[in-house]
$ cat target25.cif   # mmCIF, C-alpha atoms
data_coords
#
loop_
_atom_site.label_atom_id
_atom_site.label_comp_id
_atom_site.auth_asym_id
_atom_site.auth_seq_id
_atom_site.Cartn_x
_atom_site.Cartn_y
_atom_site.Cartn_z
CA MET A 19 12.99 -10.19 16.05
CA THR A 20 14.00 -7.51 13.55
CA THR A 21 13.81 -3.91 14.62
CA LEU A 22 11.08 -2.99 12.13
CA LYS A 23 8.93 -5.98 13.08
CA SER A 24 9.34 -5.23 16.80
CA LYS A 25 8.40 -1.58 16.13
CA LEU A 26 5.23 -2.77 14.40
CA GLN A 27 4.46 -5.01 17.38
CA GLU A 28 5.03 -2.16 19.87
CA ASP A 29 2.87 0.20 17.81
CA LEU A 30 0.14 -2.46 17.66
CA ASN A 31 0.19 -2.78 21.46
CA ALA A 32 0.00 1.01 21.81
CA ALA A 33 -2.88 1.21 19.30
CA ILE A 34 -4.79 -1.48 21.19
CA LYS A 35 -4.32 0.40 24.49
CA GLU A 36 -5.48 3.64 22.84
CA ARG A 37 -8.45 1.79 21.31
CA ASP A 38 -7.39 2.97 17.84
CA GLU A 39 -9.34 0.44 15.78
CA LEU A 40 -7.97 1.52 12.38
CA ARG A 41 -4.29 1.35 13.39
CA SER A 42 -4.65 -1.86 15.37
CA SER A 43 -6.49 -3.74 12.60
CA THR A 44 -4.06 -2.49 9.94
CA LEU A 45 -1.01 -3.46 12.00
CA ARG A 46 -2.55 -6.85 12.85
CA LEU A 47 -3.07 -7.61 9.15
CA THR A 48 0.46 -6.49 8.33
CA LEU A 49 2.02 -8.58 11.10
CA ALA A 50 -0.04 -11.55 9.91
CA ALA A 51 1.34 -11.05 6.38
CA ILE A 52 4.89 -10.90 7.81
CA THR A 53 4.33 -14.11 9.79
CA LYS A 54 2.86 -15.79 6.72
CA GLU A 55 5.99 -14.82 4.76
CA GLU A 56 8.20 -16.18 7.57
CA VAL A 57 6.57 -19.60 7.53
CA ALA A 58 6.28 -19.86 3.74
CA GLY A 59 8.57 -22.42 2.18
CA LYS A 60 10.10 -25.51 3.71
CA GLU A 61 11.27 -24.06 7.02
CA LYS A 62 10.45 -21.11 9.26
CA ARG A 63 12.87 -18.20 9.10
CA GLU A 64 13.27 -14.71 10.51
CA LEU A 65 12.75 -11.93 7.96
CA SER A 66 15.33 -9.16 7.69
CA ASP A 67 14.26 -5.51 7.92
CA ASP A 68 14.46 -5.24 4.11
CA GLU A 69 12.17 -8.24 3.68
CA VAL A 70 9.74 -6.85 6.27
CA GLN A 71 9.78 -3.56 4.37
CA LYS A 72 8.90 -5.40 1.14
CA VAL A 73 5.94 -7.03 2.88
CA ILE A 74 4.75 -3.63 4.16
CA THR A 75 5.18 -2.16 0.65
CA ARG A 76 3.13 -5.01 -0.80
CA GLU A 77 0.40 -4.50 1.80
CA ALA A 78 0.33 -0.72 1.11
CA LYS A 79 -0.01 -1.41 -2.61
CA LYS A 80 -2.93 -3.75 -1.92
CA ARG A 81 -4.64 -0.97 0.02
CA ARG A 82 -4.13 1.55 -2.81
CA GLU A 83 -5.50 -0.86 -5.41
CA ALA A 84 -8.46 -1.77 -3.20
CA ALA A 85 -9.23 1.92 -2.60
CA GLU A 86 -9.28 2.54 -6.36
CA ALA A 87 -11.51 -0.50 -6.95
CA PHE A 88 -13.96 0.56 -4.22
CA ALA A 89 -14.02 4.13 -5.54
CA GLN A 90 -14.81 2.89 -9.06
CA GLY A 91 -17.47 0.61 -7.65
CA GLY A 92 -19.19 3.53 -5.90
CA ARG A 93 -18.30 2.42 -2.38
CA ALA A 94 -16.74 5.63 -1.09
CA GLU A 95 -16.81 4.58 2.58
CA GLN A 96 -14.77 1.41 1.90
CA ALA A 97 -12.42 3.38 -0.38
CA GLU A 98 -11.75 5.88 2.44
CA ARG A 99 -11.05 3.06 4.89
CA GLU A 100 -8.53 1.47 2.50
CA LYS A 101 -6.85 4.85 1.91
CA ALA A 102 -6.60 5.42 5.66
CA GLU A 103 -5.03 1.98 6.13
CA GLY A 104 -2.57 2.77 3.34
CA GLU A 105 -1.59 6.00 5.12
CA VAL A 106 -0.95 4.08 8.35
CA LEU A 107 1.37 1.72 6.47
CA ALA A 108 3.09 4.60 4.66
CA THR A 109 4.49 5.80 7.99
CA TYR A 110 6.66 2.63 8.08
CA LEU A 111 7.98 3.02 4.54
CA PRO A 112 10.83 5.20 3.31
CA LYS A 113 9.84 8.55 1.82
CA GLN A 114 8.77 8.16 -1.81
CA LEU A 115 10.83 9.92 -4.45
CA GLY A 116 9.28 12.93 -6.15
CA ASP A 117 8.86 12.98 -9.93
CA ASP A 118 11.86 15.28 -10.42
CA GLU A 119 14.17 13.09 -8.33
CA LEU A 120 12.95 9.94 -10.08
CA ASN A 121 13.44 11.46 -13.54
CA GLN A 122 16.96 12.56 -12.59
CA ILE A 123 17.92 9.03 -11.46
CA VAL A 124 16.36 7.53 -14.61
CA ALA A 125 18.19 10.03 -16.84
CA GLN A 126 21.51 9.04 -15.25
CA ALA A 127 20.70 5.36 -15.77
CA VAL A 128 19.80 5.97 -19.43
CA GLU A 129 23.20 7.67 -19.93
CA GLU A 130 24.95 4.72 -18.25
CA ALA A 131 23.06 2.24 -20.45
CA LYS A 132 23.91 4.23 -23.59
CA ALA A 133 27.57 4.26 -22.56
CA ALA A 134 27.33 0.47 -22.26
CA GLY A 135 25.89 0.26 -25.79
CA ALA A 136 22.16 -0.08 -25.12
CA GLU A 137 20.02 2.19 -27.33
CA GLY A 138 16.35 2.86 -28.02
CA PRO A 139 13.29 1.15 -26.54
CA ARG A 140 15.14 -2.19 -26.37
CA ALA A 141 17.39 -0.68 -23.69
CA MET A 142 14.48 -0.81 -21.21
CA GLY A 143 15.80 -3.92 -19.41
CA ALA A 144 19.33 -2.58 -19.10
CA VAL A 145 18.09 0.76 -17.73
CA MET A 146 15.71 -0.93 -15.26
CA LYS A 147 18.61 -3.07 -13.94
CA ILE A 148 20.54 0.12 -13.19
CA VAL A 149 17.59 2.08 -11.75
CA ASN A 150 15.90 -0.55 -9.54
CA PRO A 151 18.66 -0.89 -6.91
CA LYS A 152 18.92 2.91 -6.64
CA VAL A 153 15.22 3.49 -6.02
CA ALA A 154 14.39 0.29 -4.12
CA GLY A 155 11.45 0.97 -1.85
CA GLN A 156 11.33 4.66 -2.76
CA ALA A 157 9.32 4.40 -5.97
CA GLU A 158 6.78 1.92 -7.26
CA GLY A 159 7.83 -0.25 -10.18
CA GLY A 160 5.08 1.08 -12.45
CA ARG A 161 6.19 4.68 -11.90
CA VAL A 162 9.82 3.75 -12.61
CA ALA A 163 8.91 1.84 -15.79
CA ALA A 164 6.78 4.75 -17.05
CA ALA A 165 9.63 7.21 -16.45
CA VAL A 166 12.13 4.94 -18.24
CA LYS A 167 9.78 4.46 -21.24
CA LYS A 168 9.20 8.21 -21.46
CA LEU A 169 12.92 8.99 -21.50
CA LEU A 170 13.81 6.20 -23.93
CA ALA A 171 11.05 7.23 -26.34
CA GLY A 172 11.91 10.91 -26.16
#

$ encode --input "target25.cif" --output "structure tokens"
Amino acid sequence: MTTLKSKLQEDLNAAIKERDELRSSTLRLTLAAITKEEVAGKEKRELSDDEVQKVITREAKKRREAAEAFAQGGRAEQAEREKAEGEVLATYLPKQLGDDELNQIVAQAVEEAKAAGAEGPRAMGAVMKIVNPKVAGQAEGGRVAAAVKKLLAG
């Protein structure tokens, strides 16, 4: 078992003992998503820590989107629950980059792409290829794309 998955399992056991319903249900759902990912495909496999992290990121994103949808639908109580679940999952993810740090990384990537001959808005793909490995797990794809578009347009 990977270290991140075993940490989730240990934290789930602790949450159950403490009768922390929010944490235990959130961790149960996340572990179920990890197990589902492990058995997807033709044969069962063990996920690496990076793959487990991607599953957690995906689950956190689902919670954020659900919170927004509930808030727009006028269901504040459900929105708060989803936000709280997202915060529980955020403790297992790497710290997110701030806007300044993200813009700095994107600016460097734009310079690298220009040096390689990519110019203007069509350079988006080249810049994203440079940026994505550097910010993996530390910034959401939508935020990265928006920062790249802004710098390429400006």

$ resolve_selection --input "target25.cif" --expression "the PyMOL selection byres ((chain A and resi 41-52) around 8)" --output "PyMOL selection string"
chain A and resi 23+26-27+29-31+33-34+37-40+53-56+65+70+73-74+77+103+106-107

$ atom_distance --input "target25.cif" --atom1 "atom CA of Glu105 of chain A" --atom2 "atom CA of Glu86 of chain A"
14.2 Å

$ closest_residue --input "target25.cif" --among "A:Ala89, A:Leu111, A:Leu22, A:Val57" --to "Ala154 of chain A" --atoms "only C-alpha atoms"
A:Leu111

$ resolve_selection --input "target25.cif" --expression "the PyMOL selection byres ((chain A and resi 97) around 10)" --output "list in words"
Arg81, Arg82, Glu83, Ala84, Ala85, Glu86, Ala87, Phe88, Ala89, Gln90, Gly91, Gly92, Arg93, Ala94, Glu95, Gln96, Glu98, Arg99, Glu100, Lys101, Ala102 and Glu103 of chain A

$ closest_residue --input "target25.cif" --among "A:Tyr110, A:Ala157, A:Leu170, A:Glu119" --to "Ala131 of chain A" --atoms "all atoms listed in the file"
A:Leu170

$ closest_residue --input "target25.cif" --among "A:Ala58, A:Ala171, A:Ile123, A:Ala108" --to "Asn150 of chain A" --atoms "all atoms listed in the file"
A:Ile123

$ atom_distance --input "target25.cif" --atom1 "atom CA of Glu28 of chain A" --atom2 "atom CA of Glu64 of chain A"
17.7 Å

$ atom_distance --input "target25.cif" --atom1 "atom CA of Glu137 of chain A" --atom2 "atom CA of Lys168 of chain A"
13.7 Å

$ closest_residue --input "target25.cif" --among "A:Val128, A:Val166, A:Leu115, A:Ala133" --to "Val153 of chain A" --atoms "only C-alpha atoms"
A:Leu115

$ residues_near_point --input "target25.cif" --point "(17.1, 7.9, -15.2)" --cutoff "10 Å" --atoms "only C-alpha atoms" --output "PyMOL selection string"
chain A and resi 119-131+145-146+148-149+162+165-166+169-170

$ closest_residue --input "target25.cif" --among "A:Lys152, A:Gly159, A:Thr21, A:Gly104" --to "Glu69 of chain A" --atoms "only C-alpha atoms"
A:Thr21

$ closest_residue --input "target25.cif" --among "A:Glu36, A:Gly143, A:Pro112, A:Lys80" --to "Asp68 of chain A" --atoms "all atoms listed in the file"
A:Pro112

$ decode --input "target25.cif" --residues "segment 104-130 of chain A" --atoms "N, CA, C and O atoms" --output "PDB file, in the first residue's frame"
ATOM      1  N   GLY A 104     -14.237  19.528   1.028  1.00  0.00           N
ATOM      2  CA  GLY A 104     -13.114  19.982   0.203  1.00  0.00           C
ATOM      3  C   GLY A 104     -11.929  20.397   1.055  1.00  0.00           C
ATOM      4  O   GLY A 104     -10.772  20.127   0.711  1.00  0.00           O
ATOM      5  N   GLU A 105     -12.205  21.044   2.193  1.00  0.00           N
ATOM      6  CA  GLU A 105     -11.130  21.462   3.099  1.00  0.00           C
ATOM      7  C   GLU A 105     -10.444  20.252   3.730  1.00  0.00           C
ATOM      8  O   GLU A 105      -9.228  20.261   3.933  1.00  0.00           O
ATOM      9  N   VAL A 106     -11.209  19.209   4.036  1.00  0.00           N
ATOM     10  CA  VAL A 106     -10.616  17.982   4.580  1.00  0.00           C
ATOM     11  C   VAL A 106      -9.649  17.401   3.558  1.00  0.00           C
ATOM     12  O   VAL A 106      -8.518  17.031   3.883  1.00  0.00           O
ATOM     13  N   LEU A 107     -10.073  17.345   2.295  1.00  0.00           N
ATOM     14  CA  LEU A 107      -9.226  16.783   1.246  1.00  0.00           C
ATOM     15  C   LEU A 107      -8.006  17.665   0.965  1.00  0.00           C
ATOM     16  O   LEU A 107      -6.941  17.159   0.626  1.00  0.00           O
ATOM     17  N   ALA A 108      -8.171  18.967   1.123  1.00  0.00           N
ATOM     18  CA  ALA A 108      -7.065  19.892   0.848  1.00  0.00           C
ATOM     19  C   ALA A 108      -5.867  19.629   1.759  1.00  0.00           C
ATOM     20  O   ALA A 108      -4.727  19.910   1.374  1.00  0.00           O
ATOM     21  N   THR A 109      -6.112  19.056   2.944  1.00  0.00           N
ATOM     22  CA  THR A 109      -5.000  18.780   3.850  1.00  0.00           C
ATOM     23  C   THR A 109      -4.070  17.700   3.301  1.00  0.00           C
ATOM     24  O   THR A 109      -2.938  17.583   3.739  1.00  0.00           O
ATOM     25  N   TYR A 110      -4.549  16.911   2.320  1.00  0.00           N
ATOM     26  CA  TYR A 110      -3.733  15.840   1.738  1.00  0.00           C
ATOM     27  C   TYR A 110      -3.087  16.248   0.425  1.00  0.00           C
ATOM     28  O   TYR A 110      -2.380  15.470  -0.187  1.00  0.00           O
ATOM     29  N   LEU A 111      -3.345  17.473  -0.004  1.00  0.00           N
ATOM     30  CA  LEU A 111      -2.795  17.958  -1.278  1.00  0.00           C
ATOM     31  C   LEU A 111      -1.640  18.912  -1.030  1.00  0.00           C
ATOM     32  O   LEU A 111      -1.583  19.564   0.019  1.00  0.00           O
ATOM     33  N   PRO A 112      -0.731  19.035  -2.014  1.00  0.00           N
ATOM     34  CA  PRO A 112       0.347  20.005  -1.846  1.00  0.00           C
ATOM     35  C   PRO A 112      -0.229  21.421  -1.812  1.00  0.00           C
ATOM     36  O   PRO A 112      -1.306  21.676  -2.349  1.00  0.00           O
ATOM     37  N   LYS A 113       0.516  22.318  -1.185  1.00  0.00           N
ATOM     38  CA  LYS A 113       0.077  23.709  -1.075  1.00  0.00           C
ATOM     39  C   LYS A 113      -0.100  24.297  -2.476  1.00  0.00           C
ATOM     40  O   LYS A 113       0.738  24.112  -3.346  1.00  0.00           O
ATOM     41  N   GLN A 114      -1.208  24.988  -2.671  1.00  0.00           N
ATOM     42  CA  GLN A 114      -1.488  25.596  -3.975  1.00  0.00           C
ATOM     43  C   GLN A 114      -0.619  26.840  -4.172  1.00  0.00           C
ATOM     44  O   GLN A 114      -0.331  27.568  -3.222  1.00  0.00           O
ATOM     45  N   LEU A 115      -0.209  27.044  -5.402  1.00  0.00           N
ATOM     46  CA  LEU A 115       0.607  28.214  -5.725  1.00  0.00           C
ATOM     47  C   LEU A 115      -0.247  29.476  -5.637  1.00  0.00           C
ATOM     48  O   LEU A 115      -1.402  29.473  -6.045  1.00  0.00           O
ATOM     49  N   GLY A 116       0.369  30.555  -5.169  1.00  0.00           N
ATOM     50  CA  GLY A 116      -0.302  31.847  -5.163  1.00  0.00           C
ATOM     51  C   GLY A 116      -0.293  32.427  -6.573  1.00  0.00           C
ATOM     52  O   GLY A 116       0.428  31.953  -7.452  1.00  0.00           O
ATOM     53  N   ASP A 117      -1.088  33.472  -6.788  1.00  0.00           N
ATOM     54  CA  ASP A 117      -1.161  34.078  -8.113  1.00  0.00           C
ATOM     55  C   ASP A 117       0.187  34.605  -8.584  1.00  0.00           C
ATOM     56  O   ASP A 117       0.548  34.452  -9.753  1.00  0.00           O
ATOM     57  N   ASP A 118       0.942  35.230  -7.674  1.00  0.00           N
ATOM     58  CA  ASP A 118       2.253  35.784  -8.053  1.00  0.00           C
ATOM     59  C   ASP A 118       3.208  34.683  -8.498  1.00  0.00           C
ATOM     60  O   ASP A 118       3.879  34.806  -9.525  1.00  0.00           O
ATOM     61  N   GLU A 119       3.265  33.601  -7.711  1.00  0.00           N
ATOM     62  CA  GLU A 119       4.155  32.487  -8.056  1.00  0.00           C
ATOM     63  C   GLU A 119       3.760  31.865  -9.391  1.00  0.00           C
ATOM     64  O   GLU A 119       4.615  31.579 -10.225  1.00  0.00           O
ATOM     65  N   LEU A 120       2.458  31.680  -9.586  1.00  0.00           N
ATOM     66  CA  LEU A 120       1.960  31.088 -10.829  1.00  0.00           C
ATOM     67  C   LEU A 120       2.318  31.980 -12.026  1.00  0.00           C
ATOM     68  O   LEU A 120       2.819  31.494 -13.034  1.00  0.00           O
ATOM     69  N   ASN A 121       2.079  33.278 -11.886  1.00  0.00           N
ATOM     70  CA  ASN A 121       2.391  34.203 -12.982  1.00  0.00           C
ATOM     71  C   ASN A 121       3.876  34.202 -13.303  1.00  0.00           C
ATOM     72  O   ASN A 121       4.268  34.326 -14.466  1.00  0.00           O
ATOM     73  N   GLN A 122       4.711  34.069 -12.293  1.00  0.00           N
ATOM     74  CA  GLN A 122       6.163  34.040 -12.502  1.00  0.00           C
ATOM     75  C   GLN A 122       6.561  32.795 -13.301  1.00  0.00           C
ATOM     76  O   GLN A 122       7.336  32.885 -14.252  1.00  0.00           O
ATOM     77  N   ILE A 123       6.019  31.637 -12.940  1.00  0.00           N
ATOM     78  CA  ILE A 123       6.317  30.392 -13.656  1.00  0.00           C
ATOM     79  C   ILE A 123       5.819  30.486 -15.098  1.00  0.00           C
ATOM     80  O   ILE A 123       6.513  30.094 -16.035  1.00  0.00           O
ATOM     81  N   VAL A 124       4.610  31.034 -15.279  1.00  0.00           N
ATOM     82  CA  VAL A 124       4.043  31.177 -16.625  1.00  0.00           C
ATOM     83  C   VAL A 124       4.887  32.130 -17.456  1.00  0.00           C
ATOM     84  O   VAL A 124       5.148  31.867 -18.635  1.00  0.00           O
ATOM     85  N   ALA A 125       5.342  33.234 -16.856  1.00  0.00           N
ATOM     86  CA  ALA A 125       6.165  34.200 -17.592  1.00  0.00           C
ATOM     87  C   ALA A 125       7.457  33.546 -18.081  1.00  0.00           C
ATOM     88  O   ALA A 125       7.880  33.760 -19.230  1.00  0.00           O
ATOM     89  N   GLN A 126       8.074  32.733 -17.224  1.00  0.00           N
ATOM     90  CA  GLN A 126       9.285  32.004 -17.624  1.00  0.00           C
ATOM     91  C   GLN A 126       8.986  31.074 -18.792  1.00  0.00           C
ATOM     92  O   GLN A 126       9.751  30.996 -19.745  1.00  0.00           O
ATOM     93  N   ALA A 127       7.876  30.373 -18.720  1.00  0.00           N
ATOM     94  CA  ALA A 127       7.497  29.428 -19.774  1.00  0.00           C
ATOM     95  C   ALA A 127       7.228  30.151 -21.086  1.00  0.00           C
ATOM     96  O   ALA A 127       7.590  29.660 -22.160  1.00  0.00           O
ATOM     97  N   VAL A 128       6.606  31.337 -21.014  1.00  0.00           N
ATOM     98  CA  VAL A 128       6.347  32.127 -22.226  1.00  0.00           C
ATOM     99  C   VAL A 128       7.673  32.522 -22.867  1.00  0.00           C
ATOM    100  O   VAL A 128       7.835  32.440 -24.092  1.00  0.00           O
ATOM    101  N   GLU A 129       8.649  32.926 -22.045  1.00  0.00           N
ATOM    102  CA  GLU A 129       9.978  33.283 -22.580  1.00  0.00           C
ATOM    103  C   GLU A 129      10.627  32.074 -23.256  1.00  0.00           C
ATOM    104  O   GLU A 129      11.195  32.196 -24.330  1.00  0.00           O
ATOM    105  N   GLU A 130      10.525  30.905 -22.600  1.00  0.00           N
ATOM    106  CA  GLU A 130      11.100  29.679 -23.177  1.00  0.00           C
ATOM    107  C   GLU A 130      10.435  29.346 -24.510  1.00  0.00           C
ATOM    108  O   GLU A 130      11.107  28.976 -25.476  1.00  0.00           O
TER     109      GLU A 130
END
